[in-house]
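Beneath this line is the structure, given in structure tokens, with notes to follow.
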Amino acid sequence: MKTYEYVRIHISKFIGAKSEGHRQIIDDYAARGYRYVGYIPTDISDYGKIKAMDLIFERDL
């Protein structure tokens with residue numbers, strides 16, 4: 001059986017393609033035994049820009 005954790009990331013004008021904050025989150029969860037499995041956009045602008053997303057992590061129980 002697996003358990004999942006979701007981490008909401010907000011993207012602003014100042015945090016975007018050049019942001020590296022997600023790397024620290026992924027490293028932190030890996031140290032706790034989780035595996036990064038993907039992301040889901042949770043807020044998209046009218047022009048198709050992703051404004052927020054959930055990073056998804058899983059681990060075995």
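Chain identifiers are assigned as A, B, and so on, following the order in which chains appear in the structure tokens; residues are numbered from 1 within each chain, and ligands are numbered from 1 in order of appearance.
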
Taking 6 positions as the minimum chain separation for residues in the same chain, which residues sit within 12 Å of Leu61 (chain A) when counting only C-alpha atoms? Answer as a VMD selection string. chain A and resid 1 to 4 33 to 34

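Using only C-alpha atoms, the protein and nucleic acid residues lying no more than 6 Å from region 35-39 of chain A, apart from those fewer than 4 places from it along its own chain, are Ala30, Asp54, Leu55, Ile56, Phe57 and Glu58 of chain A.
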
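Nearest to Pro41 (chain A) of all the residues A:Arg8, A:Asp60, A:Glu20, A:Tyr29 is A:Arg8, counting only C-alpha atoms.
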
With only C-alpha atoms as the counted atoms, please give the residues lying no more than 8 Å from Asp43 (chain A), apart from itself and same-chain residues fewer than 4 positions off, as a ChimeraX atom specification. /A:50-53

Tell me which of A:Ser45, A:Ala31, A:Gln24, A:Ile40 sits closest to Ser12 (chain A), counting only C-alpha atoms.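 Closest candidate: A:Ser45.
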
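Taking only C-alpha atoms into account, Ile9 (chain A) lies nearest to A:His22 out of the set A:His22, A:Arg32, A:Lys49, A:Arg59.
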
Could you pull out the residues in chain A that DSSP calls strand (DSSP E or B) from the backbone, as number ranges by chain? A: 2-10, 35-44, 50-60
